[in-house]
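data_10.csv, holding CSV, C-alpha atoms and all ligand atoms:
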```
chain,number,residue,atom,x,y,z
A,4,MET,CA,13.5,-138.6,-45.2
A,5,LYS,CA,13.7,-142.4,-44.6
A,6,PRO,CA,10.3,-144.0,-44.3
A,7,SER,CA,9.4,-145.3,-40.8
A,8,LEU,CA,9.3,-149.0,-40.0
A,9,ILE,CA,5.5,-148.7,-39.6
A,10,ALA,CA,5.5,-147.4,-43.2
A,11,VAL,CA,7.4,-150.5,-44.3
A,12,PHE,CA,4.6,-152.6,-42.8
A,13,LEU,CA,1.9,-150.5,-44.4
A,14,ARG,CA,3.6,-150.5,-47.9
A,15,ASN,CA,4.3,-154.2,-48.0
A,16,PRO,CA,1.4,-155.9,-46.2
A,17,LEU,CA,1.7,-159.1,-48.3
A,18,ARG,CA,5.5,-159.4,-48.1
A,19,ILE,CA,5.6,-158.5,-44.4
A,20,GLY,CA,2.2,-160.2,-43.6
A,21,ALA,CA,0.9,-157.7,-41.1
A,22,ILE,CA,-0.7,-154.3,-40.8
A,23,ALA,CA,1.0,-153.5,-37.5
A,24,PRO,CA,3.6,-155.0,-35.1
A,25,ALA,CA,2.4,-157.5,-32.5
A,26,THR,CA,1.2,-155.9,-29.2
A,27,ARG,CA,2.9,-156.4,-25.9
A,28,PHE,CA,-0.1,-158.6,-24.9
A,29,LEU,CA,0.7,-161.0,-27.8
A,30,ALA,CA,4.4,-160.9,-26.9
A,31,ARG,CA,3.6,-161.8,-23.3
A,32,ALA,CA,1.3,-164.6,-24.4
A,33,PHE,CA,4.2,-166.0,-26.4
A,34,ARG,CA,6.6,-165.8,-23.5
A,35,ARG,CA,4.0,-167.6,-21.3
A,36,SER,CA,3.5,-170.3,-24.0
A,37,VAL,CA,7.3,-170.9,-24.1
A,38,LEU,CA,7.4,-171.2,-20.3
A,39,ALA,CA,4.4,-173.6,-20.4
A,40,LEU,CA,6.4,-175.9,-22.6
A,41,GLY,CA,8.7,-176.4,-19.6
A,42,ALA,CA,11.7,-175.2,-21.6
A,43,GLU,CA,15.0,-175.6,-19.7
A,44,PRO,CA,17.3,-172.5,-19.7
A,45,THR,CA,19.6,-174.6,-22.0
A,46,THR,CA,16.9,-175.0,-24.7
A,47,PRO,CA,17.7,-172.8,-27.6
A,48,ILE,CA,14.8,-170.7,-28.9
A,49,TYR,CA,14.6,-169.6,-32.6
A,50,GLU,CA,12.3,-166.7,-33.6
A,51,LEU,CA,11.2,-166.7,-37.2
A,52,GLY,CA,10.1,-163.4,-38.8
A,53,PRO,CA,10.8,-161.2,-35.8
A,54,GLY,CA,10.3,-158.0,-37.9
A,55,THR,CA,10.9,-155.0,-35.6
A,56,GLY,CA,11.3,-157.2,-32.5
A,57,ALA,CA,7.8,-156.8,-30.9
A,58,LEU,CA,7.9,-160.4,-29.7
A,59,THR,CA,11.7,-160.4,-29.2
A,60,ARG,CA,11.5,-157.8,-26.5
A,61,GLU,CA,9.6,-160.3,-24.2
A,62,LEU,CA,11.5,-163.4,-25.4
A,63,GLU,CA,14.9,-161.9,-24.6
A,64,THR,CA,13.9,-161.7,-20.9
A,65,LEU,CA,14.2,-165.6,-20.9
A,66,PRO,CA,17.6,-167.0,-20.0
A,67,ASN,CA,17.7,-169.1,-23.2
A,68,ARG,CA,19.9,-168.6,-26.2
A,69,LEU,CA,17.7,-166.7,-28.7
A,70,VAL,CA,18.4,-166.7,-32.5
A,71,LEU,CA,16.5,-164.3,-34.7
A,72,ILE,CA,15.9,-165.3,-38.4
A,73,GLU,CA,14.6,-162.4,-40.5
A,74,ARG,CA,14.5,-162.2,-44.3
A,75,GLU,CA,14.2,-158.5,-44.7
A,76,SER,CA,17.7,-156.8,-44.4
A,77,ARG,CA,16.2,-153.6,-43.1
A,78,PHE,CA,14.6,-155.4,-40.2
A,79,ALA,CA,17.7,-157.5,-39.6
A,80,GLU,CA,19.8,-154.4,-39.3
A,81,LEU,CA,17.3,-152.8,-36.9
A,82,LEU,CA,17.2,-156.0,-34.8
A,83,ARG,CA,21.1,-156.0,-34.5
A,84,THR,CA,20.9,-152.4,-33.1
A,85,ARG,CA,18.0,-153.2,-30.8
A,86,PHE,CA,19.3,-156.5,-29.5
A,87,PRO,CA,23.1,-156.4,-29.7
A,88,ARG,CA,23.4,-159.5,-27.4
A,89,LEU,CA,21.3,-161.7,-29.7
A,90,GLU,CA,22.3,-163.7,-32.8
A,91,VAL,CA,20.5,-162.2,-35.9
A,92,ARG,CA,20.5,-164.2,-39.1
A,93,CYS,CA,19.3,-162.4,-42.3
A,94,GLU,CA,18.0,-165.5,-44.0
A,95,ASP,CA,15.0,-166.8,-45.7
A,96,ALA,CA,13.3,-169.5,-43.6
A,97,LEU,CA,13.3,-171.9,-46.5
A,98,GLU,CA,17.1,-171.7,-46.9
A,99,SER,CA,18.0,-171.0,-43.3
A,100,GLU,CA,21.3,-172.7,-42.2
A,101,ALA,CA,20.4,-171.8,-38.6
A,102,LEU,CA,17.3,-174.0,-38.8
A,103,LYS,CA,19.1,-176.8,-40.6
A,104,THR,CA,21.8,-177.0,-37.9
A,105,ALA,CA,19.7,-176.3,-34.8
A,106,GLN,CA,20.4,-178.4,-31.7
A,107,ALA,CA,17.9,-181.2,-31.1
A,108,GLY,CA,15.0,-180.2,-28.9
A,109,SER,CA,15.0,-176.5,-29.8
A,110,ILE,CA,11.8,-174.4,-29.7
A,111,LEU,CA,10.6,-172.3,-32.7
A,112,VAL,CA,8.5,-169.2,-32.3
A,113,SER,CA,7.1,-168.2,-35.7
A,114,SER,CA,5.4,-165.0,-36.9
A,115,LEU,CA,5.5,-166.0,-40.5
A,116,PRO,CA,2.3,-164.9,-42.2
A,117,ILE,CA,1.5,-168.5,-43.3
A,118,LEU,CA,-2.1,-167.9,-44.4
A,119,SER,CA,-1.3,-164.9,-46.6
A,120,LEU,CA,1.8,-166.4,-48.3
A,121,PRO,CA,1.3,-167.0,-52.0
A,122,ASP,CA,2.4,-170.6,-51.6
A,123,PRO,CA,2.3,-171.8,-48.0
A,124,LYS,CA,3.1,-175.5,-48.9
A,125,PRO,CA,6.9,-175.3,-48.6
A,126,PHE,CA,6.6,-173.6,-45.2
A,127,ARG,CA,4.3,-176.3,-43.9
A,128,ALA,CA,6.7,-178.9,-45.2
A,129,LEU,CA,9.6,-177.1,-43.5
A,130,PHE,CA,7.8,-177.0,-40.1
A,131,PHE,CA,6.9,-180.6,-40.3
A,132,GLU,CA,10.4,-181.6,-41.1
A,133,LEU,CA,11.8,-179.5,-38.2
A,134,LEU,CA,9.5,-181.4,-35.8
A,135,LEU,CA,9.8,-184.9,-37.3
A,136,SER,CA,13.7,-184.6,-37.4
A,137,GLY,CA,13.7,-183.9,-33.7
A,138,ARG,CA,15.6,-180.7,-34.1
A,139,PHE,CA,12.6,-178.8,-32.8
A,140,ARG,CA,10.4,-180.2,-30.0
A,141,ALA,CA,7.7,-177.6,-30.4
A,142,ILE,CA,6.7,-174.8,-32.8
A,143,LEU,CA,4.5,-171.9,-31.7
A,144,GLN,CA,2.8,-170.0,-34.6
A,145,TYR,CA,0.3,-167.2,-34.4
A,146,THR,CA,-2.4,-166.5,-36.9
A,147,TYR,CA,-5.6,-164.5,-37.2
A,148,GLY,CA,-8.9,-166.4,-37.3
A,149,PRO,CA,-10.0,-169.8,-36.1
A,150,LYS,CA,-8.3,-172.0,-38.7
A,151,ASP,CA,-5.2,-174.1,-38.0
A,152,PRO,CA,-2.7,-172.4,-40.3
A,153,LEU,CA,-0.7,-175.6,-40.9
A,154,ALA,CA,-3.6,-177.9,-41.5
A,155,PRO,CA,-3.8,-180.6,-42.9
A,156,LEU,CA,-1.2,-182.1,-40.6
A,157,PRO,CA,0.7,-185.2,-41.6
A,158,PRO,CA,0.7,-188.4,-39.4
A,159,GLY,CA,3.0,-187.9,-36.3
A,160,ILE,CA,2.2,-184.2,-35.8
A,161,ARG,CA,-0.4,-182.8,-33.5
A,162,SER,CA,-1.6,-179.2,-33.0
A,163,ARG,CA,-3.4,-177.3,-30.3
A,164,ARG,CA,-4.7,-173.8,-29.9
A,165,VAL,CA,-2.9,-172.6,-26.8
A,166,ARG,CA,-3.9,-168.9,-26.5
A,167,VAL,CA,-6.3,-166.3,-27.9
A,168,VAL,CA,-5.1,-162.7,-27.6
A,169,LEU,CA,-7.9,-160.2,-28.3
A,170,LEU,CA,-5.7,-157.1,-27.6
A,171,ASN,CA,-3.8,-157.4,-30.9
A,172,LEU,CA,-4.5,-155.9,-34.3
A,173,PRO,CA,-6.1,-158.1,-35.5
A,174,PRO,CA,-6.8,-160.4,-32.6
A,175,ALA,CA,-4.4,-163.4,-32.7
A,176,VAL,CA,-4.5,-167.1,-31.9
A,177,ILE,CA,-1.3,-169.0,-30.9
A,178,TRP,CA,-1.0,-172.6,-32.1
A,179,GLN,CA,1.4,-175.1,-30.8
A,180,TYR,CA,2.8,-178.0,-32.9
A,181,GLU,CA,4.6,-181.1,-31.5
A,182,ARG,CA,5.3,-184.6,-32.5
A,183,GLY,CA,2.7,-187.2,-31.3
B,201,LIG,C1,3.8,-160.6,-39.6
B,201,LIG,S1,5.4,-160.0,-39.6
B,201,LIG,C2,5.7,-160.2,-37.9
B,201,LIG,C3,6.7,-159.3,-37.3
B,201,LIG,C4,6.9,-159.3,-35.8
B,201,LIG,N1,7.0,-160.6,-35.2
B,201,LIG,C5,5.7,-158.7,-35.1
B,201,LIG,O1,4.9,-159.3,-34.5
B,201,LIG,O2,5.6,-157.5,-35.2
B,201,LIG,C6,6.2,-161.3,-40.4
B,201,LIG,C7,7.7,-161.2,-40.5
B,201,LIG,O3,8.2,-162.3,-41.2
B,201,LIG,C8,9.2,-161.9,-42.1
B,201,LIG,N2,9.3,-163.0,-43.2
B,201,LIG,C9,8.4,-163.2,-44.1
B,201,LIG,N3,8.7,-164.2,-44.9
B,201,LIG,C10,9.9,-164.7,-44.4
B,201,LIG,C11,10.8,-165.8,-44.7
B,201,LIG,N4,10.5,-166.6,-45.8
B,201,LIG,N5,11.9,-166.0,-44.0
B,201,LIG,C12,12.2,-165.2,-42.9
B,201,LIG,N6,11.4,-164.1,-42.6
B,201,LIG,C13,10.3,-163.9,-43.3
B,201,LIG,C14,8.8,-160.6,-42.6
B,201,LIG,O4,9.9,-159.9,-43.1
B,201,LIG,C15,8.2,-160.0,-41.3
B,201,LIG,O5,9.2,-159.3,-40.6
```

Show me, as structure tokens, the structure contained in the file I just sent.
Ligand SMILES: C[S@@+](CC[C@H](N)C(=O)[O-])C[C@H]1O[C@@H](n2cnc3c(N)ncnc32)[C@H](O)[C@@H]1O
Amino acid sequence: MKPSLIAVFLRNPLRIGAIAPATRFLARAFRRSVLALGAEPTTPIYELGPGTGALTRELETLPNRLVLIERESRFAELLRTRFPRLEVRCEDALESEALKTAQAGSILVSSLPILSLPDPKPFRALFFELLLSGRFRAILQYTYGPKDPLAPLPPGIRSRRVRVVLLNLPPAVIWQYERG
């Protein structure tokens, strides 16, 4: 019998970076955070590390183009089945063509487990480059605990804690990054 997707999470907590998929409360908080950015319907949204699509389910109710970037092929296949209308890229964030060629002013929603990555530095550098280049006008990243997951920030980037979601396992904090 094939292991369930929850089993994939449980067996690979470090690679996947979570013990359970995000709750609908966290997903709704992300949707509200995207809307609070005043995103036009023409603004593309990229979701990084969508896993089984727990956040995608809420994000796809927005009228925007939504691109999913997921490294694990098993999750990418599942996402293609669950969200046939969406563009699913099975790519590593650090080598993603989709991110390199994104339209200026896009929005990035990230579930990457920054604080549990063996070496978060290249991911921080990637996020800062995406903002400073202007391809992304904002990045929303969630984390567990009070610490800014991308700190220290370089000059020209500012961060803000925008939402705390207690009804998640573990409770989550959404951080927003912009130029400024
Ligand atoms: C914490 S899980 C989040 C899954 C989903 N958003 C949720 O809330 O249930 C992190 C996801 O990021 C993916 N991931 C980890 N490193 C990645 C990388 N370098 N590039 C793309 N995806 C990555 C993992 O495969 C996993 O699906």

Compute the set of protein, DNA and RNA residues whose minimum atom distance to ligand LIG 201 (chain B) is at most 6 Å, using only C-alpha atoms and all ligand atoms, and state it as a PyMOL selection string.
chain A and resi 19-21+24-25+51-58+72-75+94-96+114-116

Near-Glu132 (chain A) list (12 Å; only C-alpha atoms; drop same-chain fewer than 6 positions) as a count of residues only:
18

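Taking CA of Trp178 (chain A) and CA of Leu40 (chain A) as the two end points, the separation is 12.5 Å.
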
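Our summary of the geometry notes that CA of Arg166 (chain A) is positioned 8.6 Å from CA of Phe33 (chain A).
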
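Residue nearest Thr26 (chain A), chosen from A:Ile177, A:Leu169, A:Gly137, A:Phe131 and counting only C-alpha atoms: A:Leu169.
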
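Interatomic distance, CA of Thr59 (chain A) against CA of Ala30 (chain A): 7.7 Å.
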
Hey, which of A:Ala23, A:Leu172, A:Leu29, A:Val167 ends up closest to Arg60 (chain A)? Count only C-alpha atoms.
A:Leu29

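Contact shell of Lys124 (chain A) at 12 Å (only C-alpha atoms; same-chain neighbours under 3 positions omitted): Leu97, Ile117, Leu118, Ser119, Leu120, Pro121, Arg127, Ala128, Leu129, Phe130, Phe131, Pro152, Leu153, Ala154, Pro155 and Leu156 of chain A.
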
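When all atoms listed in the file are used to compute distances to Pro174 (chain A), the closest of the residues A:Phe78, A:Phe86, A:Tyr49, A:Phe28 turns out to be A:Phe28.
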
Could you complete region 87-119 of chain A so that it carries N, CA and C atoms, and give it back as a short mmCIF file (atom, residue, chain, number, x, y, z; two decimals), in the coordinates of the input?
```cif
data_model
loop_
_atom_site.label_atom_id
_atom_site.label_comp_id
_atom_site.auth_asym_id
_atom_site.auth_seq_id
_atom_site.Cartn_x
_atom_site.Cartn_y
_atom_site.Cartn_z
N PRO A 87 21.69 -156.12 -29.34
CA PRO A 87 23.10 -156.40 -29.70
C PRO A 87 23.60 -157.72 -29.10
N ARG A 88 22.95 -158.23 -28.05
CA ARG A 88 23.40 -159.50 -27.40
C ARG A 88 22.95 -160.72 -28.22
N LEU A 89 21.94 -160.54 -29.08
CA LEU A 89 21.30 -161.70 -29.70
C LEU A 89 21.96 -162.00 -31.09
N GLU A 90 21.81 -163.26 -31.52
CA GLU A 90 22.30 -163.70 -32.80
C GLU A 90 21.21 -163.37 -33.87
N VAL A 91 21.51 -162.52 -34.84
CA VAL A 91 20.50 -162.20 -35.90
C VAL A 91 20.99 -162.73 -37.19
N ARG A 92 20.17 -163.57 -37.82
CA ARG A 92 20.50 -164.20 -39.10
C ARG A 92 19.58 -163.55 -40.16
N CYS A 93 20.17 -162.91 -41.17
CA CYS A 93 19.30 -162.40 -42.30
C CYS A 93 19.21 -163.50 -43.29
N GLU A 94 18.18 -164.31 -43.14
CA GLU A 94 18.00 -165.50 -44.00
C GLU A 94 16.54 -165.70 -44.29
N ASP A 95 16.30 -166.38 -45.42
CA ASP A 95 15.00 -166.80 -45.70
C ASP A 95 14.74 -168.14 -44.96
N ALA A 96 13.58 -168.27 -44.34
CA ALA A 96 13.30 -169.50 -43.60
C ALA A 96 13.54 -170.74 -44.36
N LEU A 97 13.19 -170.70 -45.64
CA LEU A 97 13.30 -171.90 -46.50
C LEU A 97 14.70 -172.34 -46.75
N GLU A 98 15.65 -171.41 -46.58
CA GLU A 98 17.10 -171.70 -46.90
C GLU A 98 17.92 -171.54 -45.63
N SER A 99 17.31 -171.44 -44.48
CA SER A 99 18.00 -171.00 -43.30
C SER A 99 19.00 -172.12 -42.77
N GLU A 100 20.30 -171.77 -42.74
CA GLU A 100 21.30 -172.70 -42.20
C GLU A 100 21.09 -172.83 -40.68
N ALA A 101 20.64 -171.74 -40.05
CA ALA A 101 20.40 -171.80 -38.60
C ALA A 101 19.38 -172.87 -38.25
N LEU A 102 18.32 -172.96 -39.04
CA LEU A 102 17.30 -174.00 -38.80
C LEU A 102 17.81 -175.37 -39.07
N LYS A 103 18.61 -175.47 -40.18
CA LYS A 103 19.10 -176.80 -40.60
C LYS A 103 20.06 -177.38 -39.55
N THR A 104 20.77 -176.49 -38.83
CA THR A 104 21.80 -177.00 -37.90
C THR A 104 21.41 -176.80 -36.44
N ALA A 105 20.12 -176.56 -36.20
CA ALA A 105 19.70 -176.30 -34.80
C ALA A 105 19.92 -177.57 -33.95
N GLN A 106 20.20 -177.31 -32.68
CA GLN A 106 20.40 -178.40 -31.70
C GLN A 106 19.08 -179.13 -31.47
N ALA A 107 19.15 -180.44 -31.30
CA ALA A 107 17.90 -181.20 -31.10
C ALA A 107 17.17 -180.69 -29.86
N GLY A 108 15.84 -180.63 -30.00
CA GLY A 108 15.00 -180.20 -28.90
C GLY A 108 14.80 -178.72 -28.76
N SER A 109 15.17 -177.97 -29.80
CA SER A 109 15.00 -176.50 -29.80
C SER A 109 13.50 -176.15 -29.87
N ILE A 110 13.20 -174.88 -29.62
CA ILE A 110 11.80 -174.40 -29.70
C ILE A 110 11.79 -173.29 -30.79
N LEU A 111 10.76 -173.32 -31.63
CA LEU A 111 10.60 -172.30 -32.70
C LEU A 111 9.38 -171.46 -32.42
N VAL A 112 9.57 -170.15 -32.43
CA VAL A 112 8.50 -169.20 -32.30
C VAL A 112 8.36 -168.53 -33.69
N SER A 113 7.22 -168.67 -34.34
CA SER A 113 7.10 -168.20 -35.70
C SER A 113 6.02 -167.09 -35.85
N SER A 114 6.42 -166.00 -36.51
CA SER A 114 5.40 -165.00 -36.90
C SER A 114 5.22 -164.96 -38.38
N LEU A 115 5.67 -165.99 -39.07
CA LEU A 115 5.50 -166.00 -40.50
C LEU A 115 4.02 -165.92 -40.87
N PRO A 116 3.68 -165.08 -41.84
CA PRO A 116 2.30 -164.90 -42.20
C PRO A 116 1.77 -166.07 -43.06
N ILE A 117 1.73 -167.28 -42.50
CA ILE A 117 1.50 -168.50 -43.30
C ILE A 117 0.24 -168.38 -44.17
N LEU A 118 -0.87 -167.87 -43.61
CA LEU A 118 -2.10 -167.90 -44.40
C LEU A 118 -2.15 -166.85 -45.51
N SER A 119 -1.25 -165.86 -45.45
CA SER A 119 -1.30 -164.90 -46.60
C SER A 119 -0.09 -165.09 -47.52
#
```
